[in-house]
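J.: Before we start, here is the structure in question, set down as structure tokens.
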Amino acid sequence: MSTNYEVREHDVLIIGAGGAGLRAAIEALAQGASVGVVCKSLLGKAHTVMAEGGIAAAMANVDPADNWKVHFRDTMSGGKFLNNWRMAQLHAQEAPDRVRELEQWGALFDRTEKGEILQRAFGGHTFKRLCHVGDRTGLELIRTLQDRGVQQGVDCYMECTVTRLLVENGRFAGAFAYWRENGRFIVFKAKAVVIATGGIGKAWTVTSNSWEYTGDGMALAYEAGAELMDMEFVQFHPTGMVWPPGVQGILVTEAVRGEGGILRNKLGERFMEKYDPKRLELSTRDVVARSIYTEVREGRGTEHGGAYLDISHKPAEYVKKKLPSMYHQFKELADVDITKEPMEVGPTCHYMMGGIRVEADTGQSSMPGIFAAGEAAAGLHGANRLGGNSLSDLLVFGRRAGMAAAAHAQKTAYASLDNAQMQEAERELLAPFSNKGESPYAIHRDLQTVMQSLVGIYRNAEDLKRALNELQMLKARAAAASVEGSRMYNPGWHLVGELKSMLIIAEAVTKSAMARTESRGAHSRIDYPDLDKQWGQKHNIIVEQRGEMVRRELPIPPMPDDLKQVLAEQQ
Amino acid sequence: MSTGTEKIAMAETVLRVFRGDAGGGALVDYKVPVAPGMVVLDALHYIQGHLAPDLAVRWNCKAGKCGSCSAEVNGRPRLTCKTRMDELPKDEPIVVMPMKSFPRIKDLVTDVSWNYRVNKKILPFQPRPGTNWKISQLDVDRVQEFRKCIECFLCQNVCHVLRDHDKKEQFAGPRFFVRVAGLEMHPLDGANREGLLKDELGLGLCNITKCCTEVCPESIHITDNAIIPLKERVVDEFYDPLTMLFRKMRGSSEKRT
């Protein structure tokens, strides 16, 4: 064991270079902190790049009646009132400024006739609220933040994976990581960390998420002693591709429905009339996903087990202009011309509402010096996220976490790094080379099957119990996983660490889902199909105690009168 | 990374994949079951998952949006996530090589860090003072083409100035001319990048053979819409006698839009 690691020092370390991580980096830099951003991929490839439909912000450019209060109400009601109300308030109030700021940094959004930022309709939003660039809003956002960050002088460690947070006397001290390219170890010494690593979709078979979405940041925080919250709330986006097999799960943006797309079953029935006659296709994602799932289960699905989504009644030129990447995606990958024929779509694992429990104003976790933002953090979205609220989440809370982390760093000295922890991290990383177990890929496939079949859209106690047992067995297999080859750019080896993260988070999801004996938002229990008032007043918390995963409940703090008033104003 | 390919295997094909590193390597054959609609990246994942777990492949979204999985398939630079197996000849092995213009790291992964260094040289967006941030959709449409770029670096890979002459120190490559075009034609940008284009980014070295345009997976008209207009700007700025005279008299150059 060597202790001569490459060591880098930064006031603020940021893990993840998607929207939240980059926005946090820009803010921490602006506060005068030295900032290092570590990311598993190349800069600009983070999951944010795949966001399509838009950024929700009550700018009232299209619908003048919109304002933060309506956005707040929509977010709370979409989240079935399990949201952290303070986060929902800050988000609704600050999102418009964050969008304008992007524009000032060079982002170019689609425009209204008056030359203002154009906004489109989306599920669960009362007004046309999503600022967008065709259906490639995420690319515009990440490129803008990337260029801004680079120009401001952020140090970026690309293709570098953090495997452990180092903790000294109950506070954050640094992080242990390896370079994916050559497998060498690197240690980051920092005063604060912002975890912005996104979600956990890769634990399911059918997902819109990229390989990076393995729950690393949540697992890192959990292992460092921080609390996770609301982990049972996993969003299945209603519309992923279902055919051909290789593209299963790839996202079909909600903007298709926002632009007037209609869902039908194989009998040609517009089935949303049955499930949500008022909002139809623009109902919230949990409702639309369950509706499609039910249609398929009851035998009214399409040839490949989905529903039809049709936009071909709109002029072909309009479709190509507003949904260019959908047009190409279907044309090139599925031989479907969406201007002429319907798409086949079905639910796909898309987003984690739960995550690291944070303070609303600062993104500070329950551990000093550890902050989180974006999908890795919990709170804003409650039991179900509205489309478009994710990109605004990244900007609003990325900025706040970056600011708070820089402030924390300013009044903190570096903690010393503990050799024992670093050596343990190294030992763990090297073990797969001498293990005699199986390939991590086989274990990963089995994990995905367990989560897909037992912890999916509809859940029940029996399945969840079985899943917990299966996860225990998978954990044992993962601990013995072995890899071939060298430490040079070795994806099998990389997967071993990610598998560990996925298993921790999958267990947290399953345990929380088991405990919540009600159906709320994205969490649907067949054995408890109704909302339960008691459960509506508490969060599930997951925390590690003496090496065990422990669950407890946390009451939702009472909402202040002014916000209650805002909710009461509902039409 | 199950793609469901195992379940509905219909036929088998051979993928001939480069395995090796900076020091050298060889092509290795892998038998892969083919499912309907399968893309080359699916086949590479099958190899990782079942045959060679240490096969190095760079990828992210597998949906043509991130530009990570660039490689040379049967000699043609492509995104492997958008290259359908059923478009390729059925009876011969599919040859997958790393991009040639960048140093090899391992297998299909190359060192593209040079691109990120070039990017840092580019003067970022600078709003013109006093703008009211009103923009017409027509002006937005004009530049959105350039902003579609997903940085797959296939244009860089295929450009002969880089591929055959390796002029990475003098020449920024098509990707970054596209980026500059996006900034220069931004309706509210007030910065001046003609000098940068001429001196630091080496725009003059491009002799518009359009190879970049041909391989762009986003169908950006790199040569016609980005490079040629930029060349015209540079010519106007530096080689037009009237402008030169005007500049001498004024002592500065005015930003054009």
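Scheme for the structure tokens: letters A, B, ... for chains in order shown; per-chain residue numbers from 1; ligand numbers from 1 in order shown.
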Find the residues of chain B that sit at most 6 Å from chain A; for each, write down the nearest two atoms and how far apart they are in Å, to one decimal. Count only C-alpha atoms. Sort by chain, then by number going up, and give it as JSON lines.

T.:
{"residue": "B:Ser2", "atom": "CA", "partner": "A:Arg445", "partner_atom": "CA", "distance": 6.0}
{"residue": "B:Thr3", "atom": "CA", "partner": "A:Gly246", "partner_atom": "CA", "distance": 5.3}
{"residue": "B:Gly4", "atom": "CA", "partner": "A:Pro245", "partner_atom": "CA", "distance": 5.9}
{"residue": "B:Gly37", "atom": "CA", "partner": "A:Pro244", "partner_atom": "CA", "distance": 5.2}
{"residue": "B:Met38", "atom": "CA", "partner": "A:Gly246", "partner_atom": "CA", "distance": 5.4}
{"residue": "B:Gly49", "atom": "CA", "partner": "A:Tyr441", "partner_atom": "CA", "distance": 5.2}
{"residue": "B:Pro53", "atom": "CA", "partner": "A:Gly492", "partner_atom": "CA", "distance": 4.8}
{"residue": "B:Asp54", "atom": "CA", "partner": "A:Asn490", "partner_atom": "CA", "distance": 4.7}
{"residue": "B:Ala56", "atom": "CA", "partner": "A:Tyr489", "partner_atom": "CA", "distance": 5.9}
{"residue": "B:Asn60", "atom": "CA", "partner": "A:Ser210", "partner_atom": "CA", "distance": 5.2}
{"residue": "B:Cys61", "atom": "CA", "partner": "A:Ser210", "partner_atom": "CA", "distance": 4.7}
{"residue": "B:Cys66", "atom": "CA", "partner": "A:Lys45", "partner_atom": "CA", "distance": 5.3}
{"residue": "B:Phe125", "atom": "CA", "partner": "A:Gly106", "partner_atom": "CA", "distance": 5.5}
{"residue": "B:Lys134", "atom": "CA", "partner": "A:Gly115", "partner_atom": "CA", "distance": 4.6}
{"residue": "B:Ile135", "atom": "CA", "partner": "A:Gly115", "partner_atom": "CA", "distance": 4.5}
{"residue": "B:Ser136", "atom": "CA", "partner": "A:Gly115", "partner_atom": "CA", "distance": 4.8}
{"residue": "B:Gln137", "atom": "CA", "partner": "A:Arg111", "partner_atom": "CA", "distance": 5.2}

J.: Could you pull the residues within 6 Å of Lys40 of chain A, counting only C-alpha atoms, minus those fewer than 2 positions along the same chain, as an NGL selection string?

T.: :A and (159-161)

J.: Store the residues picked out above in a file with N, CA and C atoms, as a PDB file, in the first residue's frame.

T.:
ATOM      1  N   GLU A 159     -13.085  12.438 -16.309  1.00  0.00           N
ATOM      2  CA  GLU A 159     -12.934  10.981 -16.265  1.00  0.00           C
ATOM      3  C   GLU A 159     -12.186  10.561 -15.006  1.00  0.00           C
ATOM      4  N   CYS A 160     -12.710  11.019 -13.909  1.00  0.00           N
ATOM      5  CA  CYS A 160     -12.127  10.776 -12.600  1.00  0.00           C
ATOM      6  C   CYS A 160     -13.297  10.386 -11.677  1.00  0.00           C
ATOM      7  N   THR A 161     -13.149   9.303 -10.937  1.00  0.00           N
ATOM      8  CA  THR A 161     -14.265   8.798 -10.136  1.00  0.00           C
ATOM      9  C   THR A 161     -13.946   8.849  -8.653  1.00  0.00           C
TER      10      THR A 161
END

J.: List the neighbours of Glu344 of chain A out to 10 Å using only C-alpha atoms; skip same-chain residues closer than 4 positions along the sequence, and give me the result as a list in words.

T.: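 That gives Thr239, Gly240, Met241, Val242, Trp243, Pro244, Val252, Leu263, Arg264, Asn265, Gly301, Thr302, Glu303, His304, Gly305, Gly306, Ala307, Tyr308, Leu309, Asp310, Phe330, Ala334 and Val336 of chain A.
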
J.: Per DSSP on the backbone, what are the helix (DSSP H, G or I) residues of segment 260-395 of chain A, as number ranges by chain?

T.: A: 272-275, 280-282, 285-297, 316-322, 324-334, 374-376, 389-395

J.: Include C-alpha atoms and write out the residues we just selected as a compact mmCIF listing (two decimals), in the first residue's frame.

T.:
# COMPACT_ATOMS: atom_id res chain seq x y z
CA MET A 272 -56.29 9.59 -20.75
CA GLU A 273 -59.94 10.65 -20.94
CA LYS A 274 -60.56 7.83 -18.50
CA TYR A 275 -57.72 8.50 -16.06
CA LEU A 280 -55.53 14.46 -20.34
CA GLU A 281 -52.02 13.94 -21.77
CA LEU A 282 -50.72 16.85 -19.70
CA ARG A 285 -46.00 12.02 -14.96
CA ASP A 286 -46.95 9.57 -12.21
CA VAL A 287 -50.54 9.48 -13.48
CA VAL A 288 -49.66 9.17 -17.17
CA ALA A 289 -47.06 6.44 -16.50
CA ARG A 290 -49.56 4.39 -14.47
CA SER A 291 -52.22 4.89 -17.13
CA ILE A 292 -50.01 3.54 -19.92
CA TYR A 293 -48.89 0.68 -17.69
CA THR A 294 -52.51 -0.21 -16.90
CA GLU A 295 -53.59 -0.09 -20.54
CA VAL A 296 -50.79 -2.51 -21.45
CA ARG A 297 -51.47 -4.81 -18.49
CA ALA A 316 -44.81 18.23 -40.55
CA GLU A 317 -42.70 21.40 -40.64
CA TYR A 318 -43.91 22.40 -37.18
CA VAL A 319 -43.04 19.00 -35.74
CA LYS A 320 -39.56 19.10 -37.27
CA LYS A 321 -39.00 22.60 -35.94
CA LYS A 322 -40.26 22.08 -32.40
CA PRO A 324 -36.14 18.05 -34.19
CA SER A 325 -34.26 15.50 -32.14
CA MET A 326 -37.39 13.38 -31.64
CA TYR A 327 -37.91 13.42 -35.37
CA HIS A 328 -34.37 12.20 -36.01
CA GLN A 329 -34.33 9.77 -33.09
CA PHE A 330 -37.37 7.89 -34.37
CA LYS A 331 -36.38 8.12 -38.00
CA GLU A 332 -32.86 6.82 -37.45
CA LEU A 333 -33.34 4.36 -34.62
CA ALA A 334 -36.87 3.05 -35.16
CA GLY A 374 -29.84 18.76 -8.15
CA GLU A 375 -31.13 15.23 -8.49
CA ALA A 376 -28.71 13.94 -5.83
CA ASN A 389 -38.67 21.58 -12.71
CA SER A 390 -35.42 19.67 -12.86
CA LEU A 391 -33.41 22.11 -14.96
CA SER A 392 -34.61 25.00 -12.81
CA ASP A 393 -33.76 22.95 -9.70
CA LEU A 394 -30.18 22.53 -10.95
CA LEU A 395 -29.75 26.25 -11.44

J.: Hey, what's within 10 Å of Val162 of chain A if we count only C-alpha atoms and toss same-chain stuff fewer than 4 positions away? As a PyMOL selection string, please?

T.: chain A and resi 15-16+38-40+175-179+185-188+216-217+220+497

J.: Can you tell me, as a PDB file with N, CA and C atoms, in the first residue's frame, what residues are no more than 9 Å from Gly20 of chain B when counting only C-alpha atoms, ignoring any on the same chain fewer than 6 positions away?

T.:
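Result file is part12.pdb:
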ATOM      1  N   ALA B  26      -4.067  -4.899 -31.780  1.00  0.00           N
ATOM      2  CA  ALA B  26      -4.487  -5.750 -32.888  1.00  0.00           C
ATOM      3  C   ALA B  26      -6.003  -5.772 -32.956  1.00  0.00           C
ATOM      4  N   LEU B  27      -6.508  -6.244 -34.101  1.00  0.00           N
ATOM      5  CA  LEU B  27      -7.957  -6.401 -34.231  1.00  0.00           C
ATOM      6  C   LEU B  27      -8.353  -7.760 -33.660  1.00  0.00           C
ATOM      7  N   ARG B 104      -4.144   7.394 -28.902  1.00  0.00           N
ATOM      8  CA  ARG B 104      -4.881   6.285 -28.314  1.00  0.00           C
ATOM      9  C   ARG B 104      -4.636   6.204 -26.813  1.00  0.00           C
ATOM     10  N   ILE B 105      -5.699   5.912 -26.085  1.00  0.00           N
ATOM     11  CA  ILE B 105      -5.535   5.564 -24.678  1.00  0.00           C
ATOM     12  C   ILE B 105      -5.640   4.058 -24.559  1.00  0.00           C
ATOM     13  N   LYS B 106      -6.834   3.551 -24.853  1.00  0.00           N
ATOM     14  CA  LYS B 106      -6.992   2.094 -24.856  1.00  0.00           C
ATOM     15  C   LYS B 106      -8.189   1.712 -25.718  1.00  0.00           C
ATOM     16  N   ASP B 107      -8.050   0.678 -26.479  1.00  0.00           N
ATOM     17  CA  ASP B 107      -9.116   0.138 -27.329  1.00  0.00           C
ATOM     18  C   ASP B 107      -9.753   1.258 -28.159  1.00  0.00           C
ATOM     19  N   LEU B 108     -11.034   1.563 -27.880  1.00  0.00           N
ATOM     20  CA  LEU B 108     -11.703   2.578 -28.704  1.00  0.00           C
ATOM     21  C   LEU B 108     -11.637   3.973 -28.086  1.00  0.00           C
TER      22      LEU B 108
END

J.: Measuring between only C-alpha atoms, which one of B:Leu197, B:Leu203, B:Leu230, B:Val143 shows the shortest distance to Val161 of chain B?

T.: B:Leu203

J.: Can you list, as a compact mmCIF listing (two decimals) with N, CA and C atoms, in the first residue's frame, every residue of segment 307-524 of chain A that DSSP puts in strand (DSSP E or B)?

T.:
# COMPACT_ATOMS: atom_id res chain seq x y z
N ALA A 307 -47.89 2.27 -25.62
CA ALA A 307 -49.06 3.01 -26.10
C ALA A 307 -48.61 3.80 -27.33
N TYR A 308 -49.60 4.25 -28.11
CA TYR A 308 -49.25 5.11 -29.24
C TYR A 308 -49.24 6.56 -28.79
N LEU A 309 -48.21 7.28 -29.22
CA LEU A 309 -48.15 8.72 -28.99
C LEU A 309 -48.10 9.38 -30.36
N ASP A 310 -49.10 10.20 -30.64
CA ASP A 310 -49.26 10.68 -32.00
C ASP A 310 -49.20 12.21 -32.07
N MET A 343 -45.75 7.22 -32.54
CA MET A 343 -44.63 6.56 -31.88
C MET A 343 -45.18 5.51 -30.93
N GLU A 344 -44.39 4.49 -30.64
CA GLU A 344 -44.75 3.55 -29.58
C GLU A 344 -43.95 3.92 -28.34
N VAL A 345 -44.66 4.13 -27.23
CA VAL A 345 -43.97 4.58 -26.01
C VAL A 345 -44.44 3.81 -24.79
N GLY A 346 -43.58 3.76 -23.78
CA GLY A 346 -43.94 3.14 -22.51
C GLY A 346 -43.06 3.69 -21.40
N PRO A 347 -43.43 3.45 -20.14
CA PRO A 347 -42.71 4.03 -19.02
C PRO A 347 -41.24 3.63 -18.97
N THR A 348 -40.41 4.56 -18.51
CA THR A 348 -38.97 4.31 -18.39
C THR A 348 -38.45 5.00 -17.13
N CYS A 349 -37.58 4.31 -16.41
CA CYS A 349 -37.08 4.86 -15.14
C CYS A 349 -36.27 6.12 -15.44
N HIS A 350 -36.62 7.22 -14.80
CA HIS A 350 -36.15 8.51 -15.31
C HIS A 350 -35.49 9.39 -14.25
N TYR A 351 -36.01 9.41 -13.05
CA TYR A 351 -35.58 10.46 -12.11
C TYR A 351 -35.80 10.03 -10.66
N MET A 352 -34.89 10.43 -9.80
CA MET A 352 -34.99 10.13 -8.37
C MET A 352 -35.43 11.39 -7.62
N GLY A 355 -33.16 11.54 -2.21
CA GLY A 355 -31.73 11.81 -2.29
C GLY A 355 -31.20 12.24 -0.95
N ILE A 356 -30.11 13.02 -1.00
CA ILE A 356 -29.48 13.47 0.22
C ILE A 356 -30.35 14.53 0.88
N GLN A 364 -26.94 22.26 2.49
CA GLN A 364 -26.08 21.56 3.47
C GLN A 364 -26.77 20.26 3.90
N ILE A 370 -20.60 18.82 3.90
CA ILE A 370 -21.12 18.08 2.74
C ILE A 370 -22.42 18.73 2.27
N PHE A 371 -22.40 19.21 1.06
CA PHE A 371 -23.56 19.86 0.46
C PHE A 371 -24.04 19.01 -0.73
N ALA A 372 -25.27 19.22 -1.12
CA ALA A 372 -25.76 18.49 -2.30
C ALA A 372 -26.74 19.35 -3.06
N ALA A 377 -29.91 15.57 -4.48
CA ALA A 377 -30.52 16.09 -3.25
C ALA A 377 -32.02 15.82 -3.26
N TYR A 458 -45.64 -0.26 -9.92
CA TYR A 458 -46.56 -0.74 -8.87
C TYR A 458 -45.80 -1.67 -7.95
N ARG A 459 -46.03 -1.50 -6.67
CA ARG A 459 -45.28 -2.28 -5.68
C ARG A 459 -46.24 -2.97 -4.71
N ARG A 520 -48.69 7.40 -3.06
CA ARG A 520 -48.56 8.86 -3.15
C ARG A 520 -47.60 9.18 -4.29
N HIS A 523 -44.95 6.75 -5.92
CA HIS A 523 -44.91 5.52 -5.12
C HIS A 523 -46.31 4.91 -5.06
N SER A 524 -46.52 3.80 -5.79
CA SER A 524 -47.85 3.19 -5.85
C SER A 524 -47.81 1.79 -5.26

J.: Enter the distance from atom CA of Lys90 of chain B to atom CA of Val34 of chain B, in Å, rounded to one decimal.

T.: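 Taking atom CA of Lys90 of chain B and atom CA of Val34 of chain B, their separation equals 10.6 Å.
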
J.: What is the distance, in Å and to one decimal place, between atom CA of Glu169 of chain B and atom CA of Ser219 of chain B?

T.: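 The value is 27.0 Å.
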
J.: My list of candidates is B:Pro241, B:Gly202, B:Gly25, B:Gly130. Which is closest to Met97 of chain B when distances are computed with only C-alpha atoms?

T.: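 Using only C-alpha atoms, Met97 of chain B sits closest to B:Gly25.
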
J.: Using only C-alpha atoms, determine which residues lie at most 8 Å from segment 23-25 of chain A, disregarding the query and same-chain residues fewer than 4 positions distant; provide the list as a short mmCIF file (atom, residue, chain, number, x, y, z; two decimals) with C-alpha atoms, in the first residue's frame.

T.:
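Once everything was written out, this is out_21.cif:
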data_model
loop_
_atom_site.label_atom_id
_atom_site.label_comp_id
_atom_site.auth_asym_id
_atom_site.auth_seq_id
_atom_site.Cartn_x
_atom_site.Cartn_y
_atom_site.Cartn_z
CA ILE A 14 -17.65 19.57 -6.61
CA GLY A 19 -26.13 21.53 -14.48
CA LEU A 29 -15.73 30.77 -7.90
CA VAL A 35 -12.91 25.14 -7.02
CA GLY A 36 -12.27 21.68 -8.39
CA VAL A 37 -14.92 19.83 -10.37
CA LEU A 145 -22.51 26.65 -18.02
CA GLY A 149 -17.13 27.78 -15.82
CA VAL A 154 -12.69 26.20 -12.77
CA VAL A 194 -20.97 19.74 -3.25
CA LEU A 394 -30.18 22.53 -10.95
CA LEU A 395 -29.75 26.25 -11.44
CA PHE A 397 -30.01 25.02 -5.86
CA GLY A 398 -26.71 24.54 -7.64
CA ARG A 399 -26.09 28.23 -7.15
CA ARG A 400 -27.22 28.14 -3.52
CA ALA A 401 -25.08 25.10 -2.68
CA GLY A 402 -22.05 26.66 -4.37
CA MET A 403 -22.52 29.86 -2.41
#
